>>> print(open('entry.txt').read())   # compact mmCIF, N, CA and C atoms
# COMPACT_ATOMS: atom_id res chain seq x y z
N MET Q 1188 -34.97 44.91 -12.64
CA MET Q 1188 -33.80 44.13 -12.38
C MET Q 1188 -34.19 42.65 -12.38
N THR Q 1189 -33.37 41.82 -12.97
CA THR Q 1189 -33.68 40.39 -13.04
C THR Q 1189 -32.99 39.64 -11.92
N GLU Q 1190 -33.63 38.56 -11.51
CA GLU Q 1190 -33.03 37.73 -10.47
C GLU Q 1190 -32.02 36.78 -11.08
N ARG Q 1191 -31.02 36.50 -10.33
CA ARG Q 1191 -30.01 35.54 -10.79
C ARG Q 1191 -30.45 34.16 -10.32
N ARG Q 1192 -30.52 33.23 -11.25
CA ARG Q 1192 -30.98 31.88 -10.92
C ARG Q 1192 -29.81 30.91 -10.95
N THR Q 1193 -29.92 29.89 -10.13
CA THR Q 1193 -28.90 28.85 -10.12
C THR Q 1193 -29.18 27.87 -11.25
N ASP Q 1194 -28.22 27.02 -11.53
CA ASP Q 1194 -28.37 26.03 -12.60
C ASP Q 1194 -29.54 25.09 -12.33
N SER Q 1195 -29.72 24.70 -11.07
CA SER Q 1195 -30.80 23.77 -10.76
C SER Q 1195 -32.17 24.44 -10.93
N GLN Q 1196 -32.26 25.73 -10.63
CA GLN Q 1196 -33.52 26.44 -10.84
C GLN Q 1196 -33.82 26.58 -12.32
N THR Q 1197 -32.79 26.87 -13.11
CA THR Q 1197 -32.97 27.00 -14.54
C THR Q 1197 -33.39 25.67 -15.15
N ALA Q 1198 -32.81 24.58 -14.68
CA ALA Q 1198 -33.11 23.26 -15.21
C ALA Q 1198 -34.55 22.87 -14.93
N THR Q 1199 -35.06 23.27 -13.79
CA THR Q 1199 -36.46 22.93 -13.48
C THR Q 1199 -37.42 23.76 -14.31
N MET Q 1200 -36.98 24.92 -14.75
CA MET Q 1200 -37.85 25.77 -15.56
C MET Q 1200 -37.94 25.28 -17.00
N ILE Q 1201 -36.88 24.69 -17.53
CA ILE Q 1201 -36.86 24.23 -18.91
C ILE Q 1201 -36.99 22.72 -18.90
N PRO Q 1202 -38.07 22.18 -19.47
CA PRO Q 1202 -38.25 20.74 -19.45
C PRO Q 1202 -37.19 20.03 -20.30
N GLY Q 1203 -36.77 18.85 -19.82
CA GLY Q 1203 -35.79 18.04 -20.57
C GLY Q 1203 -34.35 18.45 -20.37
N THR Q 1204 -34.10 19.37 -19.45
CA THR Q 1204 -32.71 19.76 -19.18
C THR Q 1204 -32.36 19.39 -17.75
N ARG Q 1205 -31.09 19.35 -17.48
CA ARG Q 1205 -30.62 19.07 -16.13
C ARG Q 1205 -29.46 20.02 -15.82
N PRO Q 1206 -29.17 20.22 -14.57
CA PRO Q 1206 -28.11 21.18 -14.22
C PRO Q 1206 -26.73 20.66 -14.64
N PHE Q 1207 -25.85 21.62 -14.89
CA PHE Q 1207 -24.47 21.27 -15.23
C PHE Q 1207 -23.75 20.71 -14.02
N ALA Q 1208 -22.82 19.81 -14.27
CA ALA Q 1208 -21.99 19.29 -13.18
C ALA Q 1208 -20.97 20.35 -12.82
N SER Q 1209 -20.64 20.42 -11.56
CA SER Q 1209 -19.65 21.41 -11.14
C SER Q 1209 -18.28 21.03 -11.67
N SER Q 1210 -17.47 22.03 -11.89
CA SER Q 1210 -16.13 21.80 -12.41
C SER Q 1210 -15.26 21.16 -11.34
N ARG Q 1211 -14.40 20.23 -11.76
CA ARG Q 1211 -13.50 19.56 -10.82
C ARG Q 1211 -12.36 20.48 -10.39
N ARG Q 1212 -12.07 21.47 -11.20
CA ARG Q 1212 -10.91 22.32 -10.92
C ARG Q 1212 -11.05 23.05 -9.60
N GLY Q 1213 -12.19 23.65 -9.33
CA GLY Q 1213 -12.34 24.42 -8.11
C GLY Q 1213 -13.10 23.69 -7.02
N ALA Q 1214 -13.55 22.49 -7.31
CA ALA Q 1214 -14.37 21.76 -6.35
C ALA Q 1214 -13.52 21.25 -5.20
N SER Q 1215 -14.01 21.47 -3.99
CA SER Q 1215 -13.26 21.01 -2.82
C SER Q 1215 -13.54 19.55 -2.53
N SER Q 1216 -14.62 19.02 -3.12
CA SER Q 1216 -14.95 17.62 -2.87
C SER Q 1216 -14.33 16.69 -3.90
N ALA Q 1217 -13.43 17.21 -4.72
CA ALA Q 1217 -12.79 16.37 -5.73
C ALA Q 1217 -11.95 15.30 -5.06
N ALA Q 1218 -11.98 14.12 -5.63
CA ALA Q 1218 -11.22 13.00 -5.07
C ALA Q 1218 -9.72 13.27 -5.21
N PRO Q 1219 -8.93 12.89 -4.22
CA PRO Q 1219 -7.48 13.11 -4.32
C PRO Q 1219 -6.90 12.21 -5.41
N ARG Q 1220 -5.79 12.66 -5.98
CA ARG Q 1220 -5.14 11.87 -7.02
C ARG Q 1220 -4.58 10.59 -6.42
N ARG Q 1221 -4.67 9.53 -7.21
CA ARG Q 1221 -4.16 8.25 -6.74
C ARG Q 1221 -2.65 8.19 -6.94
N LYS Q 1222 -1.99 7.49 -6.06
CA LYS Q 1222 -0.55 7.29 -6.19
C LYS Q 1222 -0.32 6.23 -7.25
N PRO Q 1223 0.84 6.27 -7.95
CA PRO Q 1223 1.12 5.23 -8.92
C PRO Q 1223 1.27 3.89 -8.22
N PRO Q 1224 0.95 2.80 -8.91
CA PRO Q 1224 1.04 1.49 -8.28
C PRO Q 1224 2.49 1.13 -7.94
N VAL Q 1225 2.66 0.45 -6.84
CA VAL Q 1225 3.98 0.00 -6.42
C VAL Q 1225 4.31 -1.28 -7.17
N ARG Q 1226 5.49 -1.31 -7.78
CA ARG Q 1226 5.89 -2.50 -8.52
C ARG Q 1226 6.22 -3.61 -7.54
N ALA Q 1227 5.74 -4.78 -7.86
CA ALA Q 1227 6.01 -5.94 -7.00
C ALA Q 1227 7.49 -6.28 -7.06
N GLY Q 1228 8.07 -6.59 -5.91
CA GLY Q 1228 9.46 -7.01 -5.86
C GLY Q 1228 10.45 -5.87 -5.81
N VAL Q 1229 9.99 -4.63 -5.78
CA VAL Q 1229 10.92 -3.51 -5.73
C VAL Q 1229 10.62 -2.70 -4.47
N GLN Q 1230 11.65 -2.50 -3.67
CA GLN Q 1230 11.49 -1.75 -2.43
C GLN Q 1230 12.65 -0.78 -2.30
N ASN Q 1231 12.32 0.49 -2.13
CA ASN Q 1231 13.34 1.54 -2.01
C ASN Q 1231 14.29 1.59 -3.18
N GLY Q 1232 13.82 1.26 -4.39
CA GLY Q 1232 14.63 1.36 -5.58
C GLY Q 1232 15.60 0.22 -5.79
N ALA Q 1233 15.70 -0.71 -4.88
CA ALA Q 1233 16.64 -1.83 -5.02
C ALA Q 1233 15.87 -3.09 -5.38
N ALA Q 1234 16.48 -3.92 -6.19
CA ALA Q 1234 15.84 -5.18 -6.57
C ALA Q 1234 15.82 -6.09 -5.36
N SER Q 1235 14.64 -6.64 -5.04
CA SER Q 1235 14.55 -7.51 -3.88
C SER Q 1235 14.52 -8.97 -4.30
N GLY Q 1236 14.71 -9.26 -5.58
CA GLY Q 1236 14.76 -10.63 -6.08
C GLY Q 1236 16.10 -11.25 -5.72
N PRO Q 1237 16.89 -11.60 -6.73
CA PRO Q 1237 18.20 -12.17 -6.43
C PRO Q 1237 19.12 -11.14 -5.78
N ALA Q 1238 20.06 -11.62 -4.99
CA ALA Q 1238 21.00 -10.75 -4.31
C ALA Q 1238 21.90 -10.06 -5.34
N GLU Q 1239 22.54 -8.98 -4.90
CA GLU Q 1239 23.38 -8.20 -5.81
C GLU Q 1239 24.48 -9.05 -6.44
N ALA Q 1240 25.10 -9.91 -5.65
CA ALA Q 1240 26.16 -10.76 -6.18
C ALA Q 1240 25.63 -11.71 -7.25
N GLU Q 1241 24.41 -12.21 -7.06
CA GLU Q 1241 23.81 -13.09 -8.07
C GLU Q 1241 23.51 -12.33 -9.35
N ILE Q 1242 23.05 -11.10 -9.23
CA ILE Q 1242 22.76 -10.28 -10.41
C ILE Q 1242 24.04 -10.03 -11.20
N ILE Q 1243 25.11 -9.69 -10.50
CA ILE Q 1243 26.39 -9.45 -11.18
C ILE Q 1243 26.88 -10.71 -11.86
N ALA Q 1244 26.71 -11.86 -11.21
CA ALA Q 1244 27.13 -13.13 -11.81
C ALA Q 1244 26.31 -13.45 -13.06
N ILE Q 1245 25.02 -13.15 -13.02
CA ILE Q 1245 24.16 -13.39 -14.19
C ILE Q 1245 24.60 -12.50 -15.35
N ILE Q 1246 24.89 -11.24 -15.04
CA ILE Q 1246 25.32 -10.30 -16.08
C ILE Q 1246 26.65 -10.72 -16.68
N ALA Q 1247 27.61 -11.11 -15.84
CA ALA Q 1247 28.95 -11.48 -16.32
C ALA Q 1247 28.94 -12.79 -17.10
N ALA Q 1248 28.01 -13.69 -16.81
CA ALA Q 1248 27.99 -15.00 -17.46
C ALA Q 1248 27.40 -14.97 -18.87
N ARG Q 1249 26.78 -13.90 -19.25
CA ARG Q 1249 26.13 -13.83 -20.56
C ARG Q 1249 27.18 -13.82 -21.66
N CYS Q 1250 26.91 -14.55 -22.74
CA CYS Q 1250 27.85 -14.64 -23.87
C CYS Q 1250 27.77 -13.41 -24.78
N GLY Q 1251 26.57 -12.93 -25.05
CA GLY Q 1251 26.41 -11.78 -25.94
C GLY Q 1251 26.18 -10.51 -25.16
N ALA Q 1252 26.12 -9.41 -25.89
CA ALA Q 1252 25.90 -8.11 -25.25
C ALA Q 1252 24.46 -7.99 -24.77
N TRP Q 1253 24.26 -7.20 -23.73
CA TRP Q 1253 22.93 -6.96 -23.17
C TRP Q 1253 22.25 -5.82 -23.89
N SER Q 1254 20.96 -5.92 -24.08
CA SER Q 1254 20.18 -4.79 -24.59
C SER Q 1254 19.68 -4.01 -23.37
N ALA Q 1255 19.28 -2.78 -23.59
CA ALA Q 1255 18.80 -1.94 -22.49
C ALA Q 1255 17.54 -2.51 -21.82
N PRO Q 1256 16.55 -3.01 -22.58
CA PRO Q 1256 15.37 -3.58 -21.90
C PRO Q 1256 15.69 -4.81 -21.05
N ASP Q 1257 16.58 -5.67 -21.54
CA ASP Q 1257 16.95 -6.86 -20.76
C ASP Q 1257 17.69 -6.47 -19.48
N LEU Q 1258 18.59 -5.53 -19.60
CA LEU Q 1258 19.37 -5.08 -18.45
C LEU Q 1258 18.48 -4.35 -17.43
N ALA Q 1259 17.56 -3.55 -17.92
CA ALA Q 1259 16.64 -2.83 -17.03
C ALA Q 1259 15.75 -3.79 -16.26
N LYS Q 1260 15.29 -4.83 -16.93
CA LYS Q 1260 14.44 -5.82 -16.27
C LYS Q 1260 15.21 -6.54 -15.17
N LEU Q 1261 16.44 -6.89 -15.43
CA LEU Q 1261 17.25 -7.59 -14.45
C LEU Q 1261 17.59 -6.70 -13.26
N LEU Q 1262 17.88 -5.44 -13.53
CA LEU Q 1262 18.27 -4.52 -12.46
C LEU Q 1262 17.07 -3.91 -11.74
N GLY Q 1263 15.88 -4.06 -12.30
CA GLY Q 1263 14.69 -3.54 -11.65
C GLY Q 1263 14.53 -2.03 -11.78
N CYS Q 1264 14.93 -1.49 -12.92
CA CYS Q 1264 14.75 -0.07 -13.18
C CYS Q 1264 14.14 0.11 -14.56
N SER Q 1265 13.92 1.33 -14.96
CA SER Q 1265 13.29 1.58 -16.26
C SER Q 1265 14.32 1.58 -17.38
N VAL Q 1266 13.85 1.32 -18.58
CA VAL Q 1266 14.72 1.35 -19.76
C VAL Q 1266 15.22 2.78 -19.98
N LYS Q 1267 14.35 3.74 -19.70
CA LYS Q 1267 14.72 5.14 -19.84
C LYS Q 1267 15.90 5.50 -18.94
N HIS Q 1268 15.93 4.93 -17.74
CA HIS Q 1268 17.03 5.19 -16.81
C HIS Q 1268 18.34 4.59 -17.34
N ILE Q 1269 18.28 3.40 -17.91
CA ILE Q 1269 19.48 2.76 -18.48
C ILE Q 1269 20.03 3.61 -19.61
N TYR Q 1270 19.13 4.07 -20.51
CA TYR Q 1270 19.58 4.92 -21.62
C TYR Q 1270 20.17 6.24 -21.11
N ALA Q 1271 19.60 6.80 -20.05
CA ALA Q 1271 20.12 8.05 -19.49
C ALA Q 1271 21.51 7.85 -18.91
N LEU Q 1272 21.74 6.71 -18.23
CA LEU Q 1272 23.07 6.41 -17.69
C LEU Q 1272 24.09 6.27 -18.81
N ALA Q 1273 23.70 5.60 -19.89
CA ALA Q 1273 24.62 5.42 -21.01
C ALA Q 1273 24.90 6.75 -21.70
N LYS Q 1274 23.86 7.54 -21.92
CA LYS Q 1274 24.03 8.82 -22.63
C LYS Q 1274 24.93 9.78 -21.87
N SER Q 1275 24.81 9.77 -20.54
CA SER Q 1275 25.62 10.69 -19.73
C SER Q 1275 27.05 10.19 -19.54
N GLY Q 1276 27.32 8.95 -19.97
CA GLY Q 1276 28.67 8.40 -19.84
C GLY Q 1276 28.95 7.78 -18.49
N ARG Q 1277 27.93 7.66 -17.64
CA ARG Q 1277 28.12 7.08 -16.32
C ARG Q 1277 28.12 5.57 -16.34
N MET Q 1278 27.64 4.95 -17.43
CA MET Q 1278 27.57 3.49 -17.53
C MET Q 1278 28.27 3.08 -18.82
N PRO Q 1279 29.18 2.09 -18.75
CA PRO Q 1279 29.88 1.68 -19.97
C PRO Q 1279 28.91 1.04 -20.96
N HIS Q 1280 29.05 1.42 -22.23
CA HIS Q 1280 28.16 0.89 -23.26
C HIS Q 1280 28.86 0.87 -24.60
N LEU Q 1281 28.26 0.16 -25.53
CA LEU Q 1281 28.76 0.09 -26.90
C LEU Q 1281 27.70 0.66 -27.82
N ARG Q 1282 28.11 1.45 -28.79
CA ARG Q 1282 27.18 1.96 -29.78
C ARG Q 1282 27.50 1.26 -31.10
N ILE Q 1283 26.55 0.47 -31.56
CA ILE Q 1283 26.73 -0.31 -32.78
C ILE Q 1283 25.68 0.14 -33.79
N ASP Q 1284 26.08 0.97 -34.73
CA ASP Q 1284 25.20 1.43 -35.80
C ASP Q 1284 23.86 1.92 -35.27
N GLY Q 1285 23.89 2.78 -34.26
CA GLY Q 1285 22.68 3.36 -33.71
C GLY Q 1285 22.09 2.58 -32.54
N MET Q 1286 22.49 1.34 -32.36
CA MET Q 1286 21.99 0.55 -31.23
C MET Q 1286 22.92 0.75 -30.04
N ILE Q 1287 22.36 0.66 -28.86
CA ILE Q 1287 23.17 0.72 -27.65
C ILE Q 1287 23.13 -0.66 -27.01
N ARG Q 1288 24.32 -1.22 -26.79
CA ARG Q 1288 24.45 -2.53 -26.17
C ARG Q 1288 25.42 -2.40 -25.01
N PHE Q 1289 25.36 -3.37 -24.10
CA PHE Q 1289 26.17 -3.33 -22.89
C PHE Q 1289 26.99 -4.60 -22.79
N ASP Q 1290 28.32 -4.43 -22.73
CA ASP Q 1290 29.24 -5.56 -22.62
C ASP Q 1290 29.07 -6.21 -21.25
N PRO Q 1291 28.89 -7.53 -21.19
CA PRO Q 1291 28.66 -8.19 -19.90
C PRO Q 1291 29.80 -7.98 -18.89
N GLY Q 1292 31.05 -8.12 -19.33
CA GLY Q 1292 32.18 -7.96 -18.42
C GLY Q 1292 32.31 -6.55 -17.88
N ALA Q 1293 32.21 -5.56 -18.77
CA ALA Q 1293 32.34 -4.17 -18.36
C ALA Q 1293 31.16 -3.75 -17.46
N THR Q 1294 29.96 -4.23 -17.78
CA THR Q 1294 28.79 -3.89 -16.98
C THR Q 1294 28.88 -4.52 -15.59
N ALA Q 1295 29.34 -5.77 -15.52
CA ALA Q 1295 29.49 -6.44 -14.23
C ALA Q 1295 30.53 -5.73 -13.37
N ALA Q 1296 31.65 -5.31 -13.99
CA ALA Q 1296 32.69 -4.59 -13.25
C ALA Q 1296 32.16 -3.23 -12.76
N TRP Q 1297 31.39 -2.55 -13.60
CA TRP Q 1297 30.81 -1.27 -13.24
C TRP Q 1297 29.86 -1.42 -12.05
N LEU Q 1298 29.06 -2.50 -12.06
CA LEU Q 1298 28.13 -2.74 -10.96
C LEU Q 1298 28.86 -3.11 -9.67
N ARG Q 1299 29.95 -3.88 -9.77
CA ARG Q 1299 30.73 -4.25 -8.57
C ARG Q 1299 31.24 -3.02 -7.86
N GLU Q 1300 31.63 -1.99 -8.63
CA GLU Q 1300 32.11 -0.75 -8.03
C GLU Q 1300 31.02 0.00 -7.28
N ARG Q 1301 29.78 -0.17 -7.73
CA ARG Q 1301 28.69 0.64 -7.18
C ARG Q 1301 27.84 -0.04 -6.12
N PHE Q 1302 27.83 -1.37 -6.09
CA PHE Q 1302 27.03 -2.07 -5.07
C PHE Q 1302 27.70 -1.93 -3.71
N ILE Q 1303 26.91 -1.59 -2.73
CA ILE Q 1303 27.41 -1.44 -1.36
C ILE Q 1303 27.12 -2.72 -0.63
N ALA Q 1304 28.16 -3.33 -0.06
CA ALA Q 1304 27.99 -4.58 0.69
C ALA Q 1304 27.16 -4.30 1.94
N ALA Q 1305 26.20 -5.16 2.15
CA ALA Q 1305 25.30 -4.98 3.31
C ALA Q 1305 25.88 -5.58 4.57
>>> encode(input="entry.txt", output="structure tokens")
Amino acid sequence: MTERRTDSQTATMIPGTRPFASSRRGASSAAPRRKPPVRAGVQNGAASGPAEAEIIAIIAARCGAWSAPDLAKLLGCSVKHIYALAKSGRMPHLRIDGMIRFDPGATAAWLRERFIAA
């Protein structure tokens, strides 16, 4: 009957080799996963920059239609979230030859309905 050897014993027997590293999957000493970084200026999902009334005024004052990235940056959310709101019909939008744009007046009115006065 043969003896069962550990990786470190085998490595010492064969010159020029070293033991295998333990797998992270079953290791109890594996480092915990890091949390995603917190975006500066965003707390509890609400924009902490300009006040809600100022944001609505900025949106309403624009002469041309808003693009999703511009609107997402101003509102402090992701572009993906803006597109999801438009696709589901919860946010007023314009579809122009495959592009999605947001009318300043309609978007400002939509936001006025949803902002809760503090």
>>> closest_residue(input="entry.txt", among="Q:Leu1258, Q:Ile1245, Q:Ala1240, Q:Ala1252", to="Q:Asp1290", atoms="only N, CA and C atoms")
Q:Ala1252
>>> atom_distance(input="entry.txt", atom1="atom C of Q:Ala1293", atom2="atom N of Q:Ala1238")
18.5 Å
>>> closest_residue(input="entry.txt", among="Q:Leu1272, Q:Leu1261, Q:Lys1267, Q:Pro1279", to="Q:Ala1244", atoms="only C-alpha atoms")
Q:Leu1261
>>> atom_distance(input="entry.txt", atom1="atom CA of Q:Ile1242", atom2="atom CA of Q:Ile1283")
24.8 Å
>>> select_by_dssp(input="entry.txt", residues="stretch 1242-1271 of chain Q", states="helix (DSSP H, G or I)", output="PyMOL selection string")
chain Q and resi 1242-1248+1255-1262+1266-1271
>>> atom_distance(input="entry.txt", atom1="atom C of Q:Arg1249", atom2="atom N of Q:Ser1275")
23.7 Å
>>> closest_residue(input="entry.txt", among="Q:Lys1274, Q:Trp1253, Q:Val1266, Q:Ile1246", to="Q:Ala1295", atoms="all atoms listed in the file")
Q:Ile1246
